[in-house]
file entry-v8.cif (mmCIF, N, CA and C atoms)
data_my_file
loop_
_atom_site.label_atom_id
_atom_site.label_comp_id
_atom_site.auth_asym_id
_atom_site.auth_seq_id
_atom_site.Cartn_x
_atom_site.Cartn_y
_atom_site.Cartn_z
N GLU A 1 -0.68 -12.55 -8.07
CA GLU A 1 -0.86 -13.56 -7.04
C GLU A 1 -2.10 -13.28 -6.22
N GLY A 2 -2.30 -12.01 -5.87
CA GLY A 2 -3.48 -11.65 -5.07
C GLY A 2 -4.77 -11.98 -5.79
N MET A 3 -4.81 -11.70 -7.08
CA MET A 3 -6.02 -12.00 -7.86
C MET A 3 -6.25 -13.51 -7.93
N GLN A 4 -5.20 -14.28 -8.10
CA GLN A 4 -5.34 -15.74 -8.14
C GLN A 4 -5.85 -16.27 -6.81
N LEU A 5 -5.35 -15.72 -5.71
CA LEU A 5 -5.84 -16.15 -4.39
C LEU A 5 -7.31 -15.80 -4.20
N LEU A 6 -7.73 -14.63 -4.67
CA LEU A 6 -9.14 -14.26 -4.58
C LEU A 6 -10.01 -15.20 -5.41
N ASP A 7 -9.56 -15.51 -6.63
CA ASP A 7 -10.31 -16.45 -7.48
C ASP A 7 -10.44 -17.80 -6.78
N TRP A 8 -9.34 -18.28 -6.21
CA TRP A 8 -9.35 -19.56 -5.52
C TRP A 8 -10.30 -19.53 -4.32
N ALA A 9 -10.21 -18.49 -3.50
CA ALA A 9 -11.05 -18.39 -2.31
C ALA A 9 -12.53 -18.28 -2.67
N GLU A 10 -12.82 -17.53 -3.71
CA GLU A 10 -14.21 -17.38 -4.13
C GLU A 10 -14.78 -18.71 -4.61
N GLU A 11 -13.99 -19.46 -5.36
CA GLU A 11 -14.45 -20.77 -5.84
C GLU A 11 -14.56 -21.78 -4.71
N ARG A 12 -13.62 -21.74 -3.81
CA ARG A 12 -13.56 -22.72 -2.72
C ARG A 12 -14.61 -22.47 -1.63
N PHE A 13 -14.80 -21.22 -1.24
CA PHE A 13 -15.62 -20.93 -0.07
C PHE A 13 -17.00 -20.36 -0.39
N ARG A 14 -17.20 -19.84 -1.58
CA ARG A 14 -18.52 -19.32 -1.99
C ARG A 14 -19.14 -18.40 -0.94
N CYS A 15 -18.39 -17.43 -0.49
CA CYS A 15 -18.90 -16.48 0.51
C CYS A 15 -18.29 -15.11 0.25
N SER A 16 -18.70 -14.14 1.03
CA SER A 16 -18.12 -12.80 0.91
C SER A 16 -16.65 -12.86 1.26
N LEU A 17 -15.86 -12.08 0.57
CA LEU A 17 -14.42 -12.08 0.78
C LEU A 17 -13.95 -10.73 1.29
N GLY A 18 -12.83 -10.75 2.00
CA GLY A 18 -12.20 -9.53 2.46
C GLY A 18 -10.70 -9.71 2.45
N VAL A 19 -9.99 -8.62 2.28
CA VAL A 19 -8.54 -8.64 2.34
C VAL A 19 -8.07 -7.52 3.26
N THR A 20 -7.02 -7.78 3.99
CA THR A 20 -6.44 -6.77 4.85
C THR A 20 -4.94 -6.99 4.93
N GLY A 21 -4.22 -5.97 5.27
CA GLY A 21 -2.79 -6.06 5.43
C GLY A 21 -2.31 -4.88 6.24
N ILE A 22 -1.20 -5.05 6.90
CA ILE A 22 -0.63 -4.00 7.73
C ILE A 22 0.69 -3.53 7.12
N SER A 23 0.90 -2.22 7.13
CA SER A 23 2.13 -1.60 6.67
C SER A 23 2.29 -1.83 5.16
N TRP A 24 3.41 -2.41 4.74
CA TRP A 24 3.59 -2.64 3.31
C TRP A 24 2.53 -3.62 2.81
N GLY A 25 2.09 -4.53 3.67
CA GLY A 25 0.97 -5.41 3.30
C GLY A 25 -0.30 -4.62 3.04
N GLY A 26 -0.48 -3.52 3.76
CA GLY A 26 -1.62 -2.64 3.52
C GLY A 26 -1.56 -2.01 2.14
N ALA A 27 -0.35 -1.66 1.71
CA ALA A 27 -0.19 -1.12 0.36
C ALA A 27 -0.51 -2.18 -0.68
N MET A 28 -0.10 -3.42 -0.43
CA MET A 28 -0.41 -4.51 -1.36
C MET A 28 -1.91 -4.76 -1.42
N VAL A 29 -2.58 -4.70 -0.26
CA VAL A 29 -4.04 -4.87 -0.21
C VAL A 29 -4.72 -3.74 -0.99
N SER A 30 -4.20 -2.53 -0.89
CA SER A 30 -4.76 -1.42 -1.66
C SER A 30 -4.68 -1.71 -3.15
N ALA A 31 -3.54 -2.22 -3.60
CA ALA A 31 -3.38 -2.55 -5.01
C ALA A 31 -4.36 -3.64 -5.43
N ILE A 32 -4.54 -4.66 -4.59
CA ILE A 32 -5.51 -5.72 -4.89
C ILE A 32 -6.92 -5.13 -4.97
N GLY A 33 -7.24 -4.26 -4.02
CA GLY A 33 -8.56 -3.63 -4.04
C GLY A 33 -8.80 -2.81 -5.29
N ILE A 34 -7.76 -2.17 -5.79
CA ILE A 34 -7.88 -1.38 -7.01
C ILE A 34 -8.10 -2.27 -8.22
N LEU A 35 -7.43 -3.41 -8.25
CA LEU A 35 -7.47 -4.28 -9.43
C LEU A 35 -8.59 -5.31 -9.42
N ALA A 36 -9.14 -5.63 -8.26
CA ALA A 36 -10.09 -6.75 -8.13
C ALA A 36 -11.52 -6.33 -8.42
N LYS A 37 -11.79 -5.91 -9.63
CA LYS A 37 -13.12 -5.41 -9.98
C LYS A 37 -14.18 -6.51 -10.04
N ARG A 38 -13.80 -7.72 -10.37
CA ARG A 38 -14.81 -8.77 -10.55
C ARG A 38 -15.25 -9.42 -9.24
N HIS A 39 -14.69 -8.98 -8.12
CA HIS A 39 -15.02 -9.56 -6.83
C HIS A 39 -15.80 -8.58 -5.96
N ASP A 40 -16.82 -9.09 -5.25
CA ASP A 40 -17.43 -8.32 -4.17
C ASP A 40 -16.49 -8.49 -2.99
N LEU A 41 -15.91 -7.41 -2.53
CA LEU A 41 -14.75 -7.53 -1.67
C LEU A 41 -14.73 -6.43 -0.61
N ALA A 42 -14.43 -6.81 0.62
CA ALA A 42 -14.14 -5.84 1.67
C ALA A 42 -12.63 -5.63 1.68
N VAL A 43 -12.19 -4.39 1.57
CA VAL A 43 -10.77 -4.06 1.49
C VAL A 43 -10.41 -3.17 2.68
N THR A 44 -9.49 -3.63 3.53
CA THR A 44 -9.09 -2.85 4.70
C THR A 44 -7.57 -2.77 4.77
N PRO A 45 -6.97 -1.79 4.07
CA PRO A 45 -5.53 -1.58 4.22
C PRO A 45 -5.26 -0.84 5.52
N CYS A 46 -4.37 -1.38 6.33
CA CYS A 46 -4.03 -0.76 7.62
C CYS A 46 -2.61 -0.20 7.55
N LEU A 47 -2.48 1.08 7.85
CA LEU A 47 -1.19 1.76 7.88
C LEU A 47 -0.44 1.64 6.55
N PRO A 48 -1.14 1.82 5.42
CA PRO A 48 -0.45 1.64 4.14
C PRO A 48 0.35 2.87 3.75
N SER A 49 1.29 2.68 2.84
CA SER A 49 1.99 3.79 2.23
C SER A 49 1.65 3.76 0.74
N ALA A 50 1.90 4.86 0.07
CA ALA A 50 1.61 4.93 -1.35
C ALA A 50 2.77 4.40 -2.19
N SER A 51 3.95 4.31 -1.61
CA SER A 51 5.10 3.79 -2.35
C SER A 51 6.02 3.04 -1.39
N ALA A 52 6.92 2.28 -1.97
CA ALA A 52 7.88 1.53 -1.17
C ALA A 52 8.99 2.41 -0.61
N ALA A 53 8.98 3.68 -0.94
CA ALA A 53 10.03 4.59 -0.45
C ALA A 53 10.09 4.62 1.07
N VAL A 54 8.97 4.35 1.75
CA VAL A 54 8.99 4.37 3.22
C VAL A 54 9.94 3.32 3.78
N LEU A 55 10.27 2.32 2.99
CA LEU A 55 11.23 1.32 3.46
C LEU A 55 12.62 1.94 3.64
N VAL A 56 12.88 3.06 2.97
CA VAL A 56 14.16 3.75 3.07
C VAL A 56 14.06 5.00 3.92
N THR A 57 12.89 5.66 3.91
CA THR A 57 12.76 6.94 4.60
C THR A 57 12.07 6.83 5.96
N GLY A 58 11.42 5.70 6.24
CA GLY A 58 10.67 5.55 7.48
C GLY A 58 11.50 5.00 8.62
N ALA A 59 10.80 4.41 9.59
CA ALA A 59 11.44 3.94 10.82
C ALA A 59 12.49 2.86 10.57
N LEU A 60 12.37 2.10 9.50
CA LEU A 60 13.34 1.04 9.22
C LEU A 60 14.54 1.52 8.40
N ARG A 61 14.65 2.82 8.18
CA ARG A 61 15.72 3.33 7.33
C ARG A 61 17.11 2.90 7.80
N ARG A 62 17.27 2.68 9.10
CA ARG A 62 18.58 2.25 9.61
C ARG A 62 18.82 0.76 9.38
N GLU A 63 17.80 0.05 8.97
CA GLU A 63 17.93 -1.38 8.72
C GLU A 63 18.30 -1.68 7.26
N VAL A 64 18.20 -0.69 6.40
CA VAL A 64 18.54 -0.87 4.99
C VAL A 64 20.05 -0.77 4.85
N ALA A 65 20.65 -1.71 4.16
CA ALA A 65 22.11 -1.78 4.03
C ALA A 65 22.63 -0.82 2.97
N ILE A 66 22.47 0.48 3.22
CA ILE A 66 22.90 1.50 2.27
C ILE A 66 24.41 1.45 2.07
N ALA A 67 25.17 1.28 3.15
CA ALA A 67 26.64 1.23 3.03
C ALA A 67 27.06 0.08 2.13
N ARG A 68 26.43 -1.06 2.28
CA ARG A 68 26.77 -2.23 1.45
C ARG A 68 26.39 -1.97 -0.01
N LEU A 69 25.23 -1.38 -0.22
CA LEU A 69 24.80 -1.04 -1.58
C LEU A 69 25.78 -0.06 -2.21
N ALA A 70 26.21 0.94 -1.44
CA ALA A 70 27.18 1.92 -1.94
C ALA A 70 28.49 1.24 -2.31
N GLN A 71 28.94 0.33 -1.45
CA GLN A 71 30.18 -0.39 -1.70
C GLN A 71 30.07 -1.24 -2.97
N GLU A 72 28.97 -1.96 -3.11
CA GLU A 72 28.78 -2.82 -4.28
C GLU A 72 28.71 -2.02 -5.58
N ARG A 73 28.16 -0.80 -5.49
CA ARG A 73 28.01 0.03 -6.69
C ARG A 73 29.15 1.02 -6.86
N ASN A 74 30.06 1.04 -5.88
CA ASN A 74 31.20 1.96 -5.91
C ASN A 74 30.75 3.42 -6.03
N VAL A 75 29.78 3.78 -5.17
CA VAL A 75 29.25 5.15 -5.11
C VAL A 75 29.19 5.57 -3.65
N SER A 76 28.88 6.84 -3.42
CA SER A 76 28.73 7.31 -2.05
C SER A 76 27.42 6.77 -1.46
N GLU A 77 27.32 6.82 -0.14
CA GLU A 77 26.08 6.37 0.50
C GLU A 77 24.90 7.23 0.09
N ALA A 78 25.12 8.52 -0.06
CA ALA A 78 24.04 9.42 -0.49
C ALA A 78 23.56 9.04 -1.89
N GLU A 79 24.52 8.72 -2.78
CA GLU A 79 24.14 8.31 -4.14
C GLU A 79 23.41 6.97 -4.13
N ALA A 80 23.85 6.05 -3.28
CA ALA A 80 23.20 4.74 -3.19
C ALA A 80 21.77 4.89 -2.69
N GLU A 81 21.58 5.73 -1.66
CA GLU A 81 20.23 5.95 -1.13
C GLU A 81 19.34 6.61 -2.18
N ALA A 82 19.86 7.60 -2.88
CA ALA A 82 19.08 8.28 -3.92
C ALA A 82 18.70 7.31 -5.03
N SER A 83 19.62 6.45 -5.40
CA SER A 83 19.36 5.45 -6.44
C SER A 83 18.27 4.47 -5.99
N LEU A 84 18.36 4.01 -4.74
CA LEU A 84 17.36 3.09 -4.21
C LEU A 84 15.99 3.75 -4.15
N LEU A 85 15.94 5.00 -3.69
CA LEU A 85 14.67 5.72 -3.64
C LEU A 85 14.07 5.90 -5.03
N ALA A 86 14.90 6.21 -6.01
CA ALA A 86 14.41 6.36 -7.38
C ALA A 86 13.82 5.04 -7.87
N PHE A 87 14.50 3.95 -7.57
CA PHE A 87 13.99 2.63 -7.97
C PHE A 87 12.66 2.32 -7.29
N LEU A 88 12.58 2.55 -5.98
CA LEU A 88 11.35 2.25 -5.24
C LEU A 88 10.20 3.17 -5.63
N ASN A 89 10.51 4.39 -6.01
CA ASN A 89 9.46 5.32 -6.41
C ASN A 89 9.01 5.12 -7.86
N ALA A 90 9.68 4.21 -8.57
CA ALA A 90 9.34 3.99 -9.98
C ALA A 90 7.94 3.40 -10.15
N SER A 91 7.43 2.72 -9.13
CA SER A 91 6.05 2.23 -9.22
C SER A 91 5.39 2.41 -7.87
N ASP A 92 4.11 2.72 -7.92
CA ASP A 92 3.37 2.95 -6.69
C ASP A 92 1.90 2.62 -6.93
N LEU A 93 1.05 2.94 -5.97
CA LEU A 93 -0.38 2.66 -6.11
C LEU A 93 -0.98 3.38 -7.30
N GLU A 94 -0.45 4.53 -7.63
CA GLU A 94 -0.98 5.28 -8.78
C GLU A 94 -0.82 4.47 -10.06
N ASP A 95 0.26 3.69 -10.18
CA ASP A 95 0.43 2.83 -11.35
C ASP A 95 -0.69 1.82 -11.44
N ALA A 96 -1.05 1.21 -10.32
CA ALA A 96 -2.16 0.24 -10.32
C ALA A 96 -3.47 0.94 -10.67
N ARG A 97 -3.66 2.14 -10.15
CA ARG A 97 -4.90 2.86 -10.43
C ARG A 97 -5.04 3.17 -11.91
N ARG A 98 -3.94 3.48 -12.57
CA ARG A 98 -3.99 3.80 -14.00
C ARG A 98 -4.44 2.60 -14.83
N LEU A 99 -4.31 1.40 -14.30
CA LEU A 99 -4.69 0.19 -15.03
C LEU A 99 -6.18 -0.09 -14.98
N THR A 100 -6.93 0.65 -14.22
CA THR A 100 -8.35 0.35 -14.04
C THR A 100 -9.17 1.63 -14.07
N GLU A 101 -10.46 1.47 -14.21
CA GLU A 101 -11.40 2.59 -14.20
C GLU A 101 -12.15 2.57 -12.88
N PRO A 102 -12.71 3.72 -12.48
CA PRO A 102 -13.54 3.72 -11.27
C PRO A 102 -14.70 2.74 -11.40
N PHE A 103 -15.15 2.22 -10.27
CA PHE A 103 -16.26 1.27 -10.30
C PHE A 103 -17.29 1.67 -9.27
N SER A 104 -18.51 1.16 -9.47
CA SER A 104 -19.54 1.42 -8.47
C SER A 104 -19.29 0.50 -7.29
N ALA A 105 -19.64 0.97 -6.12
CA ALA A 105 -19.31 0.23 -4.90
C ALA A 105 -19.99 -1.13 -4.85
N GLY A 106 -21.26 -1.23 -5.21
CA GLY A 106 -21.94 -2.52 -5.15
C GLY A 106 -21.81 -3.12 -3.77
N ALA A 107 -21.33 -4.35 -3.70
CA ALA A 107 -21.15 -5.02 -2.42
C ALA A 107 -19.73 -4.83 -1.89
N ARG A 108 -19.02 -3.88 -2.42
CA ARG A 108 -17.64 -3.63 -2.05
C ARG A 108 -17.58 -2.63 -0.90
N ALA A 109 -16.66 -2.85 0.01
CA ALA A 109 -16.42 -1.91 1.10
C ALA A 109 -14.93 -1.65 1.18
N VAL A 110 -14.54 -0.38 1.19
CA VAL A 110 -13.13 -0.02 1.29
C VAL A 110 -12.96 0.91 2.48
N VAL A 111 -12.20 0.46 3.47
CA VAL A 111 -11.90 1.27 4.65
C VAL A 111 -10.40 1.21 4.88
N GLN A 112 -9.74 2.35 4.81
CA GLN A 112 -8.30 2.42 5.09
C GLN A 112 -8.12 2.88 6.52
N VAL A 113 -7.23 2.23 7.24
CA VAL A 113 -6.90 2.62 8.61
C VAL A 113 -5.48 3.18 8.61
N SER A 114 -5.33 4.42 9.07
CA SER A 114 -4.01 5.05 9.16
C SER A 114 -3.79 5.53 10.59
N ALA A 115 -2.53 5.62 10.98
CA ALA A 115 -2.18 6.05 12.34
C ALA A 115 -1.70 7.50 12.33
N ALA A 116 -2.25 8.29 13.22
CA ALA A 116 -1.94 9.72 13.28
C ALA A 116 -0.49 10.00 13.67
N HIS A 117 0.13 9.10 14.43
CA HIS A 117 1.49 9.34 14.93
C HIS A 117 2.46 8.27 14.44
N ASP A 118 2.30 7.87 13.19
CA ASP A 118 3.11 6.83 12.58
C ASP A 118 4.46 7.41 12.17
N THR A 119 5.55 6.81 12.64
CA THR A 119 6.88 7.28 12.24
C THR A 119 7.45 6.45 11.09
N PHE A 120 6.81 5.34 10.76
CA PHE A 120 7.26 4.52 9.63
C PHE A 120 6.56 4.97 8.35
N VAL A 121 5.25 5.11 8.40
CA VAL A 121 4.47 5.61 7.27
C VAL A 121 3.92 6.98 7.70
N PRO A 122 4.58 8.05 7.29
CA PRO A 122 4.11 9.38 7.69
C PRO A 122 2.66 9.60 7.26
N PRO A 123 1.89 10.38 8.03
CA PRO A 123 0.49 10.62 7.68
C PRO A 123 0.27 11.08 6.24
N GLU A 124 1.19 11.87 5.71
CA GLU A 124 1.01 12.33 4.32
C GLU A 124 1.07 11.16 3.34
N GLU A 125 1.85 10.11 3.65
CA GLU A 125 1.87 8.91 2.80
C GLU A 125 0.53 8.19 2.88
N GLY A 126 -0.04 8.13 4.09
CA GLY A 126 -1.37 7.53 4.24
C GLY A 126 -2.42 8.29 3.46
N LEU A 127 -2.34 9.62 3.50
CA LEU A 127 -3.29 10.45 2.75
C LEU A 127 -3.12 10.25 1.25
N GLN A 128 -1.88 10.11 0.81
CA GLN A 128 -1.62 9.87 -0.61
C GLN A 128 -2.19 8.52 -1.04
N ALA A 129 -2.01 7.49 -0.22
CA ALA A 129 -2.57 6.17 -0.53
C ALA A 129 -4.09 6.25 -0.59
N PHE A 130 -4.69 6.97 0.36
CA PHE A 130 -6.15 7.09 0.39
C PHE A 130 -6.67 7.86 -0.81
N ALA A 131 -5.97 8.90 -1.22
CA ALA A 131 -6.39 9.66 -2.40
C ALA A 131 -6.44 8.77 -3.63
N THR A 132 -5.50 7.85 -3.75
CA THR A 132 -5.51 6.91 -4.87
C THR A 132 -6.71 5.98 -4.77
N LEU A 133 -7.00 5.47 -3.57
CA LEU A 133 -8.17 4.60 -3.41
C LEU A 133 -9.46 5.34 -3.75
N ARG A 134 -9.56 6.59 -3.34
CA ARG A 134 -10.79 7.37 -3.59
C ARG A 134 -11.02 7.61 -5.08
N GLN A 135 -9.96 7.65 -5.86
CA GLN A 135 -10.12 7.82 -7.30
C GLN A 135 -10.83 6.62 -7.91
N VAL A 136 -10.62 5.46 -7.32
CA VAL A 136 -11.24 4.24 -7.82
C VAL A 136 -12.59 4.00 -7.16
N ASP A 137 -12.69 4.27 -5.88
CA ASP A 137 -13.95 4.08 -5.15
C ASP A 137 -14.26 5.33 -4.34
N PRO A 138 -15.14 6.20 -4.86
CA PRO A 138 -15.47 7.44 -4.16
C PRO A 138 -16.12 7.21 -2.79
N GLU A 139 -16.60 6.00 -2.53
CA GLU A 139 -17.23 5.68 -1.25
C GLU A 139 -16.23 5.21 -0.20
N ALA A 140 -14.96 5.07 -0.57
CA ALA A 140 -13.94 4.60 0.37
C ALA A 140 -13.89 5.52 1.59
N LYS A 141 -13.57 4.93 2.73
CA LYS A 141 -13.52 5.69 3.98
C LYS A 141 -12.11 5.59 4.57
N LEU A 142 -11.70 6.66 5.25
CA LEU A 142 -10.41 6.70 5.93
C LEU A 142 -10.67 6.86 7.42
N VAL A 143 -10.09 5.97 8.21
CA VAL A 143 -10.22 6.01 9.67
C VAL A 143 -8.82 6.24 10.25
N TRP A 144 -8.70 7.25 11.09
CA TRP A 144 -7.43 7.54 11.76
C TRP A 144 -7.47 6.96 13.18
N VAL A 145 -6.43 6.24 13.54
CA VAL A 145 -6.29 5.77 14.92
C VAL A 145 -5.24 6.66 15.58
N PRO A 146 -5.33 6.89 16.90
CA PRO A 146 -4.45 7.85 17.55
C PRO A 146 -3.02 7.36 17.79
N GLY A 147 -2.71 6.12 17.55
CA GLY A 147 -1.40 5.58 17.86
C GLY A 147 -0.38 5.75 16.77
N GLY A 148 0.67 4.93 16.86
CA GLY A 148 1.73 4.91 15.87
C GLY A 148 1.63 3.68 15.01
N HIS A 149 2.73 3.32 14.37
CA HIS A 149 2.73 2.22 13.41
C HIS A 149 2.41 0.87 14.06
N VAL A 150 2.85 0.66 15.28
CA VAL A 150 2.59 -0.62 15.94
C VAL A 150 1.83 -0.46 17.24
N ALA A 151 1.46 0.74 17.60
CA ALA A 151 0.77 0.95 18.87
C ALA A 151 -0.73 1.07 18.66
#
call {"tool": "encode", "arguments": {"input": "entry-v8.cif", "output": "structure tokens"}}
result
Amino acid sequence: EGMQLLDWAEERFRCSLGVTGISWGGAMVSAIGILAKRHDLAVTPCLPSASAAVLVTGALRREVAIARLAQERNVSEAEAEASLLAFLNASDLEDARRLTEPFSAGARAVVQVSAAHDTFVPPEEGLQAFATLRQVDPEAKLVWVPGGHVA
């Protein structure tokens, strides 16, 4: 979908393009940046994670209906959480990176913004996401902001 939107925007507007997203949207933007080789593109993932596991382990962990999942699967809550984490960890940014080769920067700019005191996306997740971006674009930059996930 992201690639189709970029194709549409490039055809429609005939100008430089950029994509950005916050939190899980930042992870999606990272994946688009990794895959969008045919576009001159500014990519700014903000507060991204490398996997969807943060949806279970981060600040929203109390919002995930683990008890309901356990009940539906007739397992303990610990087993339900472990199963969900295994499912979410089955694909990540590294999977997208494996689908492509490194490219020269050209007119591309990649800047990831991560928060030093993020309780939803721990800093190590941000570093992992950035390491994946750097494998594709060695010129990518990482900027740390002093706040948290929403501050």
call {"tool": "resolve_selection", "arguments": {"input": "entry-v8.cif", "expression": "the PyMOL selection byres ((chain A and resi 27) around 6.5)", "output": "list in words"}}
result
Gly21, Ile22, Ser23, Trp24, Gly25, Gly26, Met28, Val29, Ser30, Ala31, Ile32, Pro45, Cys46, Leu47, Pro48, Ser49 and Ala50 of chain A
call {"tool": "resolve_selection", "arguments": {"input": "entry-v8.cif", "expression": "the PyMOL selection byres (((chain A and resi 38 and name CA) around 10) and name CA)", "output": "CSV table (one decimal) with N, CA and C atoms, in the frame of the given file"}}
result
chain,number,residue,atom,x,y,z
A,3,MET,N,-4.8,-11.7,-7.1
A,3,MET,CA,-6.0,-12.0,-7.9
A,3,MET,C,-6.2,-13.5,-7.9
A,6,LEU,N,-7.7,-14.6,-4.7
A,6,LEU,CA,-9.1,-14.3,-4.6
A,6,LEU,C,-10.0,-15.2,-5.4
A,7,ASP,N,-9.6,-15.5,-6.6
A,7,ASP,CA,-10.3,-16.4,-7.5
A,7,ASP,C,-10.4,-17.8,-6.8
A,35,LEU,N,-7.4,-3.4,-8.2
A,35,LEU,CA,-7.5,-4.3,-9.4
A,35,LEU,C,-8.6,-5.3,-9.4
A,36,ALA,N,-9.1,-5.6,-8.3
A,36,ALA,CA,-10.1,-6.8,-8.1
A,36,ALA,C,-11.5,-6.3,-8.4
A,37,LYS,N,-11.8,-5.9,-9.6
A,37,LYS,CA,-13.1,-5.4,-10.0
A,37,LYS,C,-14.2,-6.5,-10.0
A,39,HIS,N,-14.7,-9.0,-8.1
A,39,HIS,CA,-15.0,-9.6,-6.8
A,39,HIS,C,-15.8,-8.6,-6.0
A,40,ASP,N,-16.8,-9.1,-5.2
A,40,ASP,CA,-17.4,-8.3,-4.2
A,40,ASP,C,-16.5,-8.5,-3.0
A,41,LEU,N,-15.9,-7.4,-2.5
A,41,LEU,CA,-14.8,-7.5,-1.7
A,41,LEU,C,-14.7,-6.4,-0.6
call {"tool": "atom_distance", "arguments": {"input": "entry-v8.cif", "atom1": "CA of Gly18 (chain A)", "atom2": "atom N of Thr44 (chain A)"}}
result
6.6 Å
call {"tool": "resolve_selection", "arguments": {"input": "entry-v8.cif", "expression": "the PyMOL selection byres (((chain A and resi 149 and name CA) around 8) and name CA)", "output": "PDB file with N, CA and C atoms, keeping the file's coordinate frame"}}
result
ATOM      1  N   SER A  23       0.900  -2.220   7.130  1.00  0.00           N
ATOM      2  CA  SER A  23       2.130  -1.600   6.670  1.00  0.00           C
ATOM      3  C   SER A  23       2.290  -1.830   5.160  1.00  0.00           C
ATOM      4  N   LEU A  47      -2.480   1.080   7.850  1.00  0.00           N
ATOM      5  CA  LEU A  47      -1.190   1.760   7.880  1.00  0.00           C
ATOM      6  C   LEU A  47      -0.440   1.640   6.550  1.00  0.00           C
ATOM      7  N   ALA A 115      -2.530   5.620  10.980  1.00  0.00           N
ATOM      8  CA  ALA A 115      -2.180   6.050  12.340  1.00  0.00           C
ATOM      9  C   ALA A 115      -1.700   7.500  12.330  1.00  0.00           C
ATOM     10  N   HIS A 117       0.130   9.100  14.430  1.00  0.00           N
ATOM     11  CA  HIS A 117       1.490   9.340  14.930  1.00  0.00           C
ATOM     12  C   HIS A 117       2.460   8.270  14.440  1.00  0.00           C
ATOM     13  N   ASP A 118       2.300   7.870  13.190  1.00  0.00           N
ATOM     14  CA  ASP A 118       3.110   6.830  12.580  1.00  0.00           C
ATOM     15  C   ASP A 118       4.460   7.410  12.170  1.00  0.00           C
ATOM     16  N   THR A 119       5.550   6.810  12.640  1.00  0.00           N
ATOM     17  CA  THR A 119       6.880   7.280  12.240  1.00  0.00           C
ATOM     18  C   THR A 119       7.450   6.450  11.090  1.00  0.00           C
ATOM     19  N   PHE A 120       6.810   5.340  10.760  1.00  0.00           N
ATOM     20  CA  PHE A 120       7.260   4.520   9.630  1.00  0.00           C
ATOM     21  C   PHE A 120       6.560   4.970   8.350  1.00  0.00           C
ATOM     22  N   VAL A 121       5.250   5.110   8.400  1.00  0.00           N
ATOM     23  CA  VAL A 121       4.470   5.610   7.270  1.00  0.00           C
ATOM     24  C   VAL A 121       3.920   6.980   7.700  1.00  0.00           C
ATOM     25  N   GLY A 147      -2.710   6.120  17.550  1.00  0.00           N
ATOM     26  CA  GLY A 147      -1.400   5.580  17.860  1.00  0.00           C
ATOM     27  C   GLY A 147      -0.380   5.750  16.770  1.00  0.00           C
ATOM     28  N   GLY A 148       0.670   4.930  16.860  1.00  0.00           N
ATOM     29  CA  GLY A 148       1.730   4.910  15.870  1.00  0.00           C
ATOM     30  C   GLY A 148       1.630   3.680  15.010  1.00  0.00           C
ATOM     31  N   VAL A 150       2.850   0.660  15.280  1.00  0.00           N
ATOM     32  CA  VAL A 150       2.590  -0.620  15.940  1.00  0.00           C
ATOM     33  C   VAL A 150       1.830  -0.460  17.240  1.00  0.00           C
ATOM     34  N   ALA A 151       1.460   0.740  17.600  1.00  0.00           N
ATOM     35  CA  ALA A 151       0.770   0.950  18.870  1.00  0.00           C
ATOM     36  C   ALA A 151      -0.730   1.070  18.660  1.00  0.00           C
TER      37      ALA A 151
END
call {"tool": "closest_residue", "arguments": {"input": "entry-v8.cif", "among": "A:Gln112, A:Ile34, A:Leu85, A:Ala42", "to": "Gln135 (chain A)", "atoms": "only C-alpha atoms"}}
result
A:Ile34
call {"tool": "atom_distance", "arguments": {"input": "entry-v8.cif", "atom1": "atom N of Arg73 (chain A)", "atom2": "atom C of Leu88 (chain A)"}}
result
18.4 Å
call {"tool": "atom_distance", "arguments": {"input": "entry-v8.cif", "atom1": "atom N of Ala86 (chain A)", "atom2": "CA of Thr20 (chain A)"}}
result
27.2 Å
call {"tool": "closest_residue", "arguments": {"input": "entry-v8.cif", "among": "A:Val64, A:Ala116, A:Val110, A:Leu127", "to": "Val19 (chain A)", "atoms": "only C-alpha atoms"}}
result
A:Val110
call {"tool": "select_by_dssp", "arguments": {"input": "entry-v8.cif", "residues": "chain A", "states": "strand (DSSP E)", "output": "list in words"}}
result
Leu17, Gly18, Val19, Thr20, Gly21, Ile22, Leu41, Ala42, Val43, Thr44, Pro45, Cys46, Ala109, Val110, Val111, Gln112, Val113, Ser114, Ala115, Lys141, Leu142, Val143, Trp144 and Val145 of chain A
call {"tool": "closest_residue", "arguments": {"input": "entry-v8.cif", "among": "A:Arg14, A:Gly33, A:Leu84, A:Ala53", "to": "Arg134 (chain A)", "atoms": "only C-alpha atoms"}}
result
A:Gly33
call {"tool": "select_by_dssp", "arguments": {"input": "entry-v8.cif", "residues": "chain A", "states": "alpha helix (DSSP H)", "output": "count of residues only"}}
result
68
call {"tool": "closest_residue", "arguments": {"input": "entry-v8.cif", "among": "A:Ala52, A:Val136, A:Leu142, A:Ala78", "to": "Ile66 (chain A)", "atoms": "all atoms listed in the file"}}
result
A:Ala78
